[in-house]
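A.B. asks: Structure file query_37.csv (CSV, C-alpha atoms and all ligand atoms) is given on the next line.
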```csv
chain,number,residue,atom,x,y,z
A,1,MET,CA,26.0,-36.4,-35.3
A,2,LYS,CA,27.3,-33.8,-37.9
A,3,LEU,CA,28.7,-30.6,-36.4
A,4,LYS,CA,26.0,-28.5,-38.2
A,5,THR,CA,23.2,-30.5,-36.7
A,6,LEU,CA,24.8,-30.4,-33.3
A,7,LEU,CA,25.1,-26.6,-33.5
A,8,ALA,CA,21.5,-26.3,-34.6
A,9,SER,CA,20.2,-28.5,-31.7
A,10,THR,CA,22.3,-26.6,-29.2
A,11,VAL,CA,20.9,-23.2,-30.3
A,12,ALA,CA,17.4,-24.7,-30.2
A,13,MET,CA,17.9,-26.0,-26.7
A,14,THR,CA,19.3,-22.6,-25.6
A,15,PHE,CA,16.2,-20.8,-26.9
A,16,ILE,CA,13.9,-23.4,-25.3
A,17,GLY,CA,15.8,-22.8,-22.1
A,18,LEU,CA,15.5,-19.0,-22.4
A,19,ALA,CA,11.8,-19.3,-23.3
A,20,ALA,CA,11.3,-21.4,-20.3
A,21,GLN,CA,12.7,-18.5,-18.2
A,22,ALA,CA,10.3,-16.0,-19.8
A,23,GLN,CA,7.8,-16.4,-16.9
A,24,THR,CA,4.1,-15.3,-17.1
A,25,VAL,CA,2.7,-13.6,-13.9
A,26,GLY,CA,-0.8,-12.6,-13.2
A,27,PHE,CA,-1.2,-9.5,-11.1
A,28,SER,CA,-4.6,-8.9,-9.4
A,29,GLN,CA,-4.4,-5.2,-8.4
A,30,ILE,CA,-7.0,-3.6,-6.2
A,31,GLY,CA,-7.7,-0.5,-8.4
A,32,SER,CA,-6.4,3.0,-8.6
A,33,GLU,CA,-7.9,4.6,-5.4
A,34,SER,CA,-4.8,6.5,-4.4
A,35,GLY,CA,-1.6,8.0,-5.7
A,36,TRP,CA,0.3,5.3,-3.9
A,37,ARG,CA,-1.7,2.5,-5.6
A,38,ALA,CA,-1.0,4.1,-9.0
A,39,ALA,CA,2.7,4.2,-8.2
A,40,GLU,CA,2.7,0.5,-7.1
A,41,THR,CA,1.1,-0.4,-10.4
A,42,THR,CA,3.6,1.6,-12.4
A,43,LEU,CA,6.6,0.2,-10.6
A,44,THR,CA,5.3,-3.4,-10.8
A,45,LYS,CA,4.9,-3.1,-14.6
A,46,GLN,CA,8.4,-1.5,-14.8
A,47,GLN,CA,9.9,-4.3,-12.7
A,48,ALA,CA,8.2,-7.0,-14.9
A,49,GLU,CA,9.5,-5.4,-18.1
A,50,GLU,CA,13.0,-5.1,-16.8
A,51,ARG,CA,13.0,-8.8,-15.8
A,52,GLY,CA,11.5,-10.1,-19.1
A,53,ILE,CA,8.4,-11.2,-17.2
A,54,ASP,CA,5.1,-11.3,-19.2
A,55,LEU,CA,2.7,-9.5,-16.7
A,56,LYS,CA,-1.1,-10.1,-17.1
A,57,PHE,CA,-2.6,-7.1,-15.3
A,58,SER,CA,-6.1,-6.9,-13.8
A,59,ASP,CA,-7.6,-3.8,-12.1
A,60,ALA,CA,-10.4,-5.0,-9.7
A,61,GLN,CA,-11.9,-1.5,-9.2
A,62,GLN,CA,-12.0,-2.1,-5.4
A,63,LYS,CA,-14.1,-5.3,-5.7
A,64,GLN,CA,-13.0,-8.6,-4.2
A,65,GLU,CA,-15.2,-10.6,-6.5
A,66,ASN,CA,-13.3,-9.1,-9.5
A,67,GLN,CA,-10.0,-10.1,-7.8
A,68,ILE,CA,-11.2,-13.7,-7.3
A,69,ALA,CA,-12.4,-13.9,-10.9
A,70,ALA,CA,-9.0,-12.6,-12.1
A,71,ILE,CA,-7.2,-15.2,-10.0
A,72,ARG,CA,-9.3,-18.0,-11.4
A,73,SER,CA,-8.6,-16.7,-14.9
A,74,PHE,CA,-4.8,-16.6,-14.2
A,75,ILE,CA,-5.1,-20.2,-13.0
A,76,ALA,CA,-7.0,-21.2,-16.2
A,77,GLN,CA,-4.2,-19.6,-18.2
A,78,GLY,CA,-1.6,-21.6,-16.3
A,79,VAL,CA,0.5,-18.6,-15.3
A,80,ASP,CA,3.8,-19.2,-13.4
A,81,ALA,CA,2.9,-17.1,-10.4
A,82,ILE,CA,0.2,-14.7,-9.2
A,83,LEU,CA,0.7,-11.3,-7.4
A,84,LEU,CA,-2.3,-10.3,-5.3
A,85,ALA,CA,-2.9,-7.0,-3.5
A,86,PRO,CA,-5.9,-8.1,-1.5
A,87,VAL,CA,-8.6,-5.4,-1.1
A,88,VAL,CA,-9.8,-6.9,2.2
A,89,ALA,CA,-8.3,-9.4,4.6
A,90,THR,CA,-11.0,-12.1,4.6
A,91,GLY,CA,-12.7,-14.4,2.0
A,92,TRP,CA,-9.6,-15.7,0.1
A,93,ASP,CA,-9.3,-19.3,1.3
A,94,SER,CA,-11.1,-21.1,-1.5
A,95,VAL,CA,-9.5,-19.3,-4.4
A,96,LEU,CA,-6.0,-19.6,-2.8
A,97,GLU,CA,-6.7,-23.3,-2.3
A,98,GLU,CA,-7.4,-23.5,-6.1
A,99,ALA,CA,-4.1,-21.8,-6.9
A,100,LYS,CA,-2.3,-24.2,-4.5
A,101,GLU,CA,-4.0,-27.1,-6.2
A,102,ALA,CA,-2.8,-25.8,-9.6
A,103,GLU,CA,0.7,-25.5,-8.0
A,104,ILE,CA,0.8,-21.8,-8.8
A,105,PRO,CA,2.7,-19.7,-6.2
A,106,VAL,CA,0.8,-16.6,-4.9
A,107,VAL,CA,2.7,-13.6,-3.5
A,108,LEU,CA,0.7,-11.0,-1.5
A,109,LEU,CA,1.6,-7.3,-2.1
A,110,ASP,CA,1.1,-4.5,0.5
A,111,ARG,CA,-1.9,-5.9,2.3
A,112,ARG,CA,-2.4,-9.2,4.3
A,113,VAL,CA,-5.1,-11.9,4.3
A,114,ASP,CA,-6.5,-13.9,7.2
A,115,SER,CA,-5.9,-17.2,5.3
A,116,SER,CA,-3.3,-19.7,6.5
A,117,ASP,CA,0.1,-18.8,5.3
A,118,ASP,CA,0.6,-22.2,3.6
A,119,LEU,CA,-1.8,-20.8,0.9
A,120,TYR,CA,0.7,-18.2,-0.3
A,121,LEU,CA,4.5,-18.2,-1.0
A,122,THR,CA,5.2,-15.0,0.8
A,123,ALA,CA,3.8,-11.5,1.6
A,124,VAL,CA,5.7,-8.3,0.8
A,125,GLY,CA,4.6,-5.3,2.8
A,126,SER,CA,5.3,-2.9,5.7
A,127,ASP,CA,4.5,-3.4,9.3
A,128,LEU,CA,1.2,-1.6,9.2
A,129,VAL,CA,0.7,-1.5,13.0
A,130,HIS,CA,4.2,0.1,13.3
A,131,GLU,CA,3.2,2.8,10.8
A,132,GLY,CA,0.2,3.7,12.9
A,133,LYS,CA,2.2,3.7,16.0
A,134,VAL,CA,4.9,6.0,14.5
A,135,ALA,CA,2.0,8.4,13.6
A,136,GLY,CA,0.6,8.3,17.1
A,137,GLU,CA,3.9,8.7,18.8
A,138,TRP,CA,4.6,11.7,16.5
A,139,LEU,CA,1.4,13.4,17.7
A,140,VAL,CA,2.2,12.6,21.4
A,141,ASN,CA,5.6,14.3,20.9
A,142,GLU,CA,4.0,17.3,19.0
A,143,VAL,CA,1.2,18.2,21.5
A,144,GLY,CA,2.9,17.3,24.8
A,145,ASP,CA,0.4,17.7,27.7
A,146,ALA,CA,-2.1,19.9,25.7
A,147,GLU,CA,-5.6,18.6,25.2
A,148,CYS,CA,-5.9,17.2,21.7
A,149,ARG,CA,-9.2,16.0,20.1
A,150,VAL,CA,-8.3,13.8,17.1
A,151,VAL,CA,-10.5,12.9,14.1
A,152,GLU,CA,-9.5,9.8,12.2
A,153,LEU,CA,-10.0,9.0,8.5
A,154,GLN,CA,-9.8,5.2,8.2
A,155,GLY,CA,-8.8,3.2,5.1
A,156,THR,CA,-11.0,0.7,3.3
A,157,THR,CA,-13.3,-1.1,5.8
A,158,GLY,CA,-12.0,-4.6,6.4
A,159,SER,CA,-8.6,-4.0,4.8
A,160,SER,CA,-5.5,-5.0,6.8
A,161,PRO,CA,-4.1,-1.4,6.6
A,162,ALA,CA,-7.3,0.1,8.0
A,163,ILE,CA,-7.4,-2.5,10.8
A,164,ASP,CA,-3.7,-2.4,11.7
A,165,ARG,CA,-3.0,1.4,11.3
A,166,LYS,CA,-5.9,2.1,13.7
A,167,THR,CA,-4.5,-0.4,16.2
A,168,GLY,CA,-1.0,1.1,15.8
A,169,PHE,CA,-2.1,4.7,16.3
A,170,GLU,CA,-4.1,3.8,19.4
A,171,GLU,CA,-1.0,2.0,20.8
A,172,GLY,CA,1.0,5.2,20.0
A,173,ILE,CA,-1.2,7.5,22.0
A,174,ALA,CA,-1.9,4.9,24.8
A,175,GLY,CA,-1.3,6.4,28.3
A,176,HIS,CA,-1.7,10.0,27.0
A,177,ASP,CA,-5.3,10.8,28.2
A,178,ASN,CA,-5.0,14.3,26.9
A,179,ILE,CA,-5.2,12.9,23.4
A,180,GLU,CA,-8.5,11.5,22.4
A,181,ILE,CA,-9.9,10.1,19.1
A,182,VAL,CA,-13.4,11.8,19.1
A,183,ARG,CA,-14.5,10.8,15.6
A,184,SER,CA,-13.4,8.0,13.3
A,185,GLN,CA,-14.9,7.0,9.9
A,186,THR,CA,-13.7,5.4,6.6
A,187,GLY,CA,-12.7,7.6,3.7
A,188,ASP,CA,-11.9,4.5,1.7
A,189,PHE,CA,-8.3,5.7,1.0
A,190,THR,CA,-9.6,8.2,-1.6
A,191,ARG,CA,-9.2,12.1,-1.8
A,192,ALA,CA,-12.8,12.6,-2.6
A,193,GLN,CA,-14.1,10.6,0.4
A,194,GLY,CA,-11.4,12.0,2.6
A,195,LYS,CA,-12.7,15.5,1.8
A,196,GLU,CA,-16.4,14.5,2.2
A,197,VAL,CA,-15.9,12.9,5.6
A,198,MET,CA,-13.7,15.7,6.9
A,199,GLU,CA,-16.5,18.2,6.0
A,200,SER,CA,-18.8,16.2,8.2
A,201,PHE,CA,-16.2,16.1,11.0
A,202,LEU,CA,-15.7,19.9,10.8
A,203,GLN,CA,-19.5,20.5,10.9
A,204,ALA,CA,-19.9,18.2,13.9
A,205,GLU,CA,-16.9,19.8,15.8
A,206,ASN,CA,-17.9,23.5,16.0
A,207,GLY,CA,-16.7,24.3,12.5
A,208,GLY,CA,-13.5,22.5,13.2
A,209,LYS,CA,-12.5,24.8,16.1
A,210,ASP,CA,-12.7,21.8,18.5
A,211,ILE,CA,-10.4,19.6,16.3
A,212,CYS,CA,-6.7,19.6,17.2
A,213,ALA,CA,-5.5,17.0,14.7
A,214,LEU,CA,-6.4,14.7,11.8
A,215,TYR,CA,-4.9,11.2,11.6
A,216,ALA,CA,-5.5,9.8,8.1
A,217,HIS,CA,-4.6,6.2,7.2
A,218,ASN,CA,-3.2,7.5,3.8
A,219,ASP,CA,-2.0,10.8,2.4
A,220,ASP,CA,-4.7,10.9,-0.3
A,221,MET,CA,-7.5,11.2,2.3
A,222,ALA,CA,-5.4,13.8,4.1
A,223,VAL,CA,-5.0,15.8,1.0
A,224,GLY,CA,-8.8,15.8,0.5
A,225,ALA,CA,-9.3,16.7,4.1
A,226,ILE,CA,-6.8,19.6,3.8
A,227,GLN,CA,-9.0,21.1,1.0
A,228,ALA,CA,-12.1,20.8,3.3
A,229,ILE,CA,-10.2,22.5,6.2
A,230,LYS,CA,-9.2,25.4,4.0
A,231,GLU,CA,-12.8,25.7,2.6
A,232,ALA,CA,-13.9,25.9,6.3
A,233,GLY,CA,-11.7,28.9,6.7
A,234,LEU,CA,-9.1,27.1,8.9
A,235,LYS,CA,-5.4,26.6,8.4
A,236,PRO,CA,-4.4,22.9,8.0
A,237,GLY,CA,-1.0,22.2,9.5
A,238,GLU,CA,-1.6,25.0,12.1
A,239,ASP,CA,-5.2,25.1,13.4
A,240,ILE,CA,-5.5,21.3,12.7
A,241,LEU,CA,-2.4,19.2,12.7
A,242,ILE,CA,-2.2,16.7,9.8
A,243,VAL,CA,-0.5,13.3,10.2
A,244,SER,CA,-0.9,10.5,7.6
A,245,ILE,CA,0.9,7.6,5.8
A,246,ASP,CA,2.3,6.8,2.3
A,247,ALA,CA,4.7,9.7,1.7
A,248,VAL,CA,3.2,10.5,-1.8
A,249,PRO,CA,4.5,13.6,-3.6
A,250,ASP,CA,1.4,15.7,-2.8
A,251,ILE,CA,1.7,15.4,0.9
A,252,PHE,CA,5.2,16.8,0.6
A,253,LYS,CA,3.8,19.6,-1.5
A,254,ALA,CA,1.3,20.3,1.3
A,255,MET,CA,4.1,20.0,3.9
A,256,ALA,CA,6.3,22.5,2.0
A,257,ASP,CA,3.3,24.9,2.0
A,258,GLY,CA,2.9,24.5,5.8
A,259,GLU,CA,-0.4,22.6,5.4
A,260,ALA,CA,0.7,19.1,6.6
A,261,ASN,CA,2.9,18.0,9.5
A,262,ALA,CA,4.0,14.4,9.2
A,263,THR,CA,3.8,11.4,6.9
A,264,VAL,CA,5.1,7.8,7.3
A,265,GLU,CA,6.7,6.4,4.2
A,266,LEU,CA,5.4,3.2,2.4
A,267,THR,CA,7.5,2.2,-0.5
A,268,PRO,CA,5.4,1.5,-3.7
A,269,ASN,CA,8.1,-0.9,-4.9
A,270,MET,CA,6.7,-4.1,-3.5
A,271,ALA,CA,7.2,-6.0,-6.8
A,272,GLY,CA,11.0,-5.9,-6.6
A,273,PRO,CA,11.2,-8.1,-3.5
A,274,ALA,CA,8.3,-10.2,-4.8
A,275,PHE,CA,10.0,-11.0,-8.1
A,276,ASP,CA,13.3,-11.7,-6.3
A,277,ALA,CA,11.6,-14.3,-4.2
A,278,LEU,CA,9.8,-15.8,-7.2
A,279,ASP,CA,13.1,-16.0,-9.2
A,280,ALA,CA,14.7,-18.0,-6.4
A,281,TYR,CA,11.6,-20.2,-6.1
A,282,TRP,CA,11.4,-20.8,-9.8
A,283,LYS,CA,15.2,-21.5,-10.0
A,284,ASP,CA,15.5,-24.2,-7.4
A,285,GLY,CA,12.4,-24.2,-5.2
A,286,THR,CA,13.9,-21.9,-2.6
A,287,MET,CA,11.2,-21.0,0.0
A,288,PRO,CA,11.3,-17.4,1.1
A,289,GLU,CA,10.3,-16.1,4.6
A,290,LYS,CA,6.5,-15.8,4.8
A,291,PHE,CA,6.8,-12.0,5.3
A,292,ILE,CA,9.2,-9.8,3.5
A,293,GLN,CA,9.0,-6.4,5.4
A,294,THR,CA,9.6,-3.1,3.7
A,295,GLU,CA,10.8,0.0,5.7
A,296,SER,CA,8.7,2.7,7.2
A,297,LYS,CA,10.3,6.2,7.7
A,298,LEU,CA,8.8,9.3,9.3
A,299,TYR,CA,9.0,12.6,7.4
A,300,THR,CA,8.3,16.0,8.8
A,301,PRO,CA,8.8,19.6,7.6
A,302,GLU,CA,12.4,19.3,8.8
A,303,ASP,CA,13.1,16.7,6.0
A,304,ASP,CA,13.2,19.0,3.0
A,305,PRO,CA,9.6,18.4,1.8
A,306,ALA,CA,10.1,20.4,-1.4
A,307,GLY,CA,13.1,18.2,-2.3
A,308,GLU,CA,11.2,15.1,-1.5
A,309,TYR,CA,8.3,16.3,-3.7
A,310,GLU,CA,10.7,16.9,-6.6
A,311,SER,CA,12.4,13.4,-6.2
A,312,ARG,CA,9.0,11.6,-6.1
A,313,LYS,CA,6.8,13.5,-8.5
A,314,ASP,CA,7.7,11.5,-11.6
A,315,LEU,CA,7.6,8.0,-10.1
A,316,GLY,CA,4.1,7.2,-11.3
A,317,TYR,CA,2.0,8.4,-8.4
B,1,LIG,C1,-1.1,0.0,2.4
B,1,LIG,C2,-1.8,0.1,1.1
B,1,LIG,C3,-2.8,1.3,1.1
B,1,LIG,C4,-2.1,2.6,0.9
B,1,LIG,C5,-3.2,3.4,0.3
B,1,LIG,O1,-0.2,-1.1,2.5
B,1,LIG,O2,-2.6,-1.1,0.9
B,1,LIG,O3,-3.7,1.1,0.0
B,1,LIG,O4,-1.7,3.2,2.1
B,1,LIG,C6,-3.7,2.4,-0.7
B,1,LIG,O5,-2.8,4.6,-0.3
B,1,LIG,O6,-5.0,2.7,-1.1
```
Could you express the structure from this file as structure tokens?
Ligand code: GZL
C.D. replies:
Amino acid sequence: MKLKTLLASTVAMTFIGLAAQAQTVGFSQIGSESGWRAAETTLTKQQAEERGIDLKFSDAQQKQENQIAAIRSFIAQGVDAILLAPVVATGWDSVLEEAKEAEIPVVLLDRRVDSSDDLYLTAVGSDLVHEGKVAGEWLVNEVGDAECRVVELQGTTGSSPAIDRKTGFEEGIAGHDNIEIVRSQTGDFTRAQGKEVMESFLQAENGGKDICALYAHNDDMAVGAIQAIKEAGLKPGEDILIVSIDAVPDIFKAMADGEANATVELTPNMAGPAFDALDAYWKDGTMPEKFIQTESKLYTPEDDPAGEYESRKDLGY
């Protein structure tokens, strides 16, 4: 073969090889219900761009049926992998079976599903029970033996964080009969519903005078509740202690203003570990652990909330 032809075919093979590495990934995202969710979306898109991955993004607007339709569309497009942040824990078996049939690996982000773990490559997320337990243990430490009537804003009904963060908090306060959850209702992880439900709690609890603490499954509901507490003429962070989860910028702003007391961090960068696992799988079929755990860290007013706000405010929340 002439040298010129040999060179041309080598260049062609290289590009084919490179093109083969430009993977296409479908991402079925829950929606944009909270600052944390927005940050997860931002960071996932950034990670895909940095890695040369063609990301097909679908916002399900909190509806499981939209997520299932998006997954079916990704399968029809023949993507190389699917990222799924499952809005609720049940109802995924059939569509995950279809992805498996099509030999398309699925990686779960930040929430879990009840399906068998042979239906997904891996799940990237925090220990949601542990997060709730850290929040409960913080409250135990904060109130000591004092009577403490707690109201709870739950996350989306049927979602793994709502189920597990409730379980964890109850474990955290177990054995401390002076602390009691007196009201518990979903605020669906949003500020608006957090405010609305907190208004009903305040009304039902002597204008809020009988409430010692709020435990919110995410910071966005806590921020909405803080507004309601202030409108009721009470001081959040003092009259009613505020403990929540996510560590979004606005909870640090509230903390710096003395209006919130504790948050448990949840990293929004779930895509980094997900794409790392997929890279290894695409390269030589390496099978990751079924659960890749991200860290959870407690922050209180002693942890420079103003500085934490500044360091996080431009991360896409
Ligand atoms: C938890 C994640 C939750 C966040 C909320 O892993 O799924 O969903 O805590 C978001 O802010 O709505």
A.B. asks: Name each residue within 8 Å of ligand LIG 1 (chain B), counting all atoms listed in the file, as a PDB file with C-alpha atoms, in the coordinates of the input.
C.D. replies:
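Output contents, as saved in selection12.pdb:
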```pdb
ATOM      1  CA  SER A  32      -6.400   3.000  -8.600  1.00  0.00           C
ATOM      2  CA  GLU A  33      -7.900   4.600  -5.400  1.00  0.00           C
ATOM      3  CA  SER A  34      -4.800   6.500  -4.400  1.00  0.00           C
ATOM      4  CA  GLY A  35      -1.600   8.000  -5.700  1.00  0.00           C
ATOM      5  CA  TRP A  36       0.300   5.300  -3.900  1.00  0.00           C
ATOM      6  CA  ARG A  37      -1.700   2.500  -5.600  1.00  0.00           C
ATOM      7  CA  ALA A  85      -2.900  -7.000  -3.500  1.00  0.00           C
ATOM      8  CA  VAL A  87      -8.600  -5.400  -1.100  1.00  0.00           C
ATOM      9  CA  LEU A 109       1.600  -7.300  -2.100  1.00  0.00           C
ATOM     10  CA  ASP A 110       1.100  -4.500   0.500  1.00  0.00           C
ATOM     11  CA  ARG A 111      -1.900  -5.900   2.300  1.00  0.00           C
ATOM     12  CA  GLY A 125       4.600  -5.300   2.800  1.00  0.00           C
ATOM     13  CA  SER A 126       5.300  -2.900   5.700  1.00  0.00           C
ATOM     14  CA  LEU A 128       1.200  -1.600   9.200  1.00  0.00           C
ATOM     15  CA  GLY A 155      -8.800   3.200   5.100  1.00  0.00           C
ATOM     16  CA  THR A 156     -11.000   0.700   3.300  1.00  0.00           C
ATOM     17  CA  SER A 159      -8.600  -4.000   4.800  1.00  0.00           C
ATOM     18  CA  SER A 160      -5.500  -5.000   6.800  1.00  0.00           C
ATOM     19  CA  PRO A 161      -4.100  -1.400   6.600  1.00  0.00           C
ATOM     20  CA  ASP A 188     -11.900   4.500   1.700  1.00  0.00           C
ATOM     21  CA  PHE A 189      -8.300   5.700   1.000  1.00  0.00           C
ATOM     22  CA  THR A 190      -9.600   8.200  -1.600  1.00  0.00           C
ATOM     23  CA  HIS A 217      -4.600   6.200   7.200  1.00  0.00           C
ATOM     24  CA  ASN A 218      -3.200   7.500   3.800  1.00  0.00           C
ATOM     25  CA  ASP A 219      -2.000  10.800   2.400  1.00  0.00           C
ATOM     26  CA  ASP A 220      -4.700  10.900  -0.300  1.00  0.00           C
ATOM     27  CA  ILE A 245       0.900   7.600   5.800  1.00  0.00           C
ATOM     28  CA  ASP A 246       2.300   6.800   2.300  1.00  0.00           C
ATOM     29  CA  LEU A 266       5.400   3.200   2.400  1.00  0.00           C
TER      30      LEU A 266
END
```
A.B. asks: Using all atoms listed in the file, can you tell me which of A:Trp138, A:Phe57, A:Tyr309, A:Tyr120 comes closest to Ala254 in chain A?
C.D. replies: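 Nearest candidate to Ala254 in chain A out of A:Trp138, A:Phe57, A:Tyr309, A:Tyr120: A:Tyr309.
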A.B. asks: Counting all atoms listed in the file, which residue out of A:Ile71, A:Ala228, A:Ile251, A:Cys212 sits closest to Cys148 in chain A?
C.D. replies: A:Cys212
A.B. asks: Given the point (-15.9, 14.9, 6.7) in the coordinates of this file, which residues lie within 10 Å, counting all atoms listed in the file, and how would they look as a list in words?
C.D. replies: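 Within 10 Å of (-15.9, 14.9, 6.7), the protein and nucleic acid residues are Val151, Glu152, Leu153, Arg183, Ser184, Gln185, Thr186, Gly187, Gln193, Gly194, Lys195, Glu196, Val197, Met198, Glu199, Ser200, Phe201, Leu202, Gln203, Ala204, Gly224, Ala225, Ala228 and Ile229 of chain A.
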A.B. asks: Taking all atoms listed in the file into account, name the residue in A:Glu231, A:Phe27, A:Ile240, A:Ala277 that is nearest to Glu40 in chain A.
C.D. replies: A:Phe27
A.B. asks: I'd like the neighbourhood of Val113 in chain A as a short mmCIF file (atom, residue, chain, number, x, y, z; two decimals) with C-alpha atoms, in the frame of the given file, where a residue qualifies if any of its atoms comes within 12 Å (using all atoms listed in the file), though same-chain residues fewer than 4 positions away should be ignored.
C.D. replies:
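Done, and the output landed in result16.cif:
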```cif
data_model
loop_
_atom_site.label_atom_id
_atom_site.label_comp_id
_atom_site.auth_asym_id
_atom_site.auth_seq_id
_atom_site.Cartn_x
_atom_site.Cartn_y
_atom_site.Cartn_z
CA LEU A 84 -2.30 -10.30 -5.30
CA ALA A 85 -2.90 -7.00 -3.50
CA PRO A 86 -5.90 -8.10 -1.50
CA VAL A 87 -8.60 -5.40 -1.10
CA VAL A 88 -9.80 -6.90 2.20
CA ALA A 89 -8.30 -9.40 4.60
CA THR A 90 -11.00 -12.10 4.60
CA GLY A 91 -12.70 -14.40 2.00
CA TRP A 92 -9.60 -15.70 0.10
CA ASP A 93 -9.30 -19.30 1.30
CA LEU A 96 -6.00 -19.60 -2.80
CA VAL A 106 0.80 -16.60 -4.90
CA VAL A 107 2.70 -13.60 -3.50
CA LEU A 108 0.70 -11.00 -1.50
CA LEU A 109 1.60 -7.30 -2.10
CA ASP A 117 0.10 -18.80 5.30
CA ASP A 118 0.60 -22.20 3.60
CA LEU A 119 -1.80 -20.80 0.90
CA TYR A 120 0.70 -18.20 -0.30
CA THR A 122 5.20 -15.00 0.80
CA ALA A 123 3.80 -11.50 1.60
CA VAL A 124 5.70 -8.30 0.80
CA GLY A 125 4.60 -5.30 2.80
CA GLY A 158 -12.00 -4.60 6.40
CA SER A 159 -8.60 -4.00 4.80
CA SER A 160 -5.50 -5.00 6.80
CA PRO A 161 -4.10 -1.40 6.60
CA ILE A 163 -7.40 -2.50 10.80
CA PHE A 291 6.80 -12.00 5.30
#
```
A.B. asks: Provide the CA of Ala222 in chain A to CA of Ser244 in chain A distance in Å, to one decimal place.
C.D. replies: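 Taking CA of Ala222 in chain A as the start and CA of Ser244 in chain A as the end point, the length is 6.6 Å.
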A.B. asks: To one decimal in Å, tell me the separation between CA of Lys166 in chain A and CA of Ala271 in chain A.
C.D. replies: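 Interatomic distance, CA of Lys166 in chain A to CA of Ala271 in chain A: 25.6 Å.
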A.B. asks: Using Å and a single decimal, report how far CA of Glu302 in chain A sits from CA of Gly233 in chain A.
C.D. replies: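 So the two atoms, CA of Gly233 in chain A and CA of Glu302 in chain A, lie 26.0 Å apart.
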A.B. asks: Tell me, as a PyMOL selection string, which residues lie within 9 Å of Ala135 in chain A, counting all atoms listed in the file; anything in the same chain fewer than 6 positions away does not count.
C.D. replies: chain A and resi 165+168-169+172+215+243-245+262-264+298
A.B. asks: I'd like the contact shell of Leu315 in chain A - 9 Å cut-off, all atoms listed in the file, skipping same-chain residues fewer than 3 positions apart - returned as a PyMOL selection string.
C.D. replies: chain A and resi 39+42-43+311-312
A.B. asks: Taking into account only C-alpha atoms, which residue in the set A:Lys63, A:Ile104, A:Glu265, A:Ala22 is nearest to Glu50 in chain A?
C.D. replies: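 Looking at the shortest contact to Glu50 in chain A, the residue is A:Ala22.
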A.B. asks: Which of these, A:Asp250, A:Asp164, A:Glu147, A:Glu259, has the shortest distance to Asp210 in chain A once you count all atoms listed in the file?
C.D. replies: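 The closest residue to Asp210 in chain A is A:Glu147.
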A.B. asks: I'd like to know which of A:Glu295, A:Asp279, A:Glu142, A:Asp304 is closest to Glu238 in chain A, using all atoms listed in the file.
C.D. replies: A:Glu142
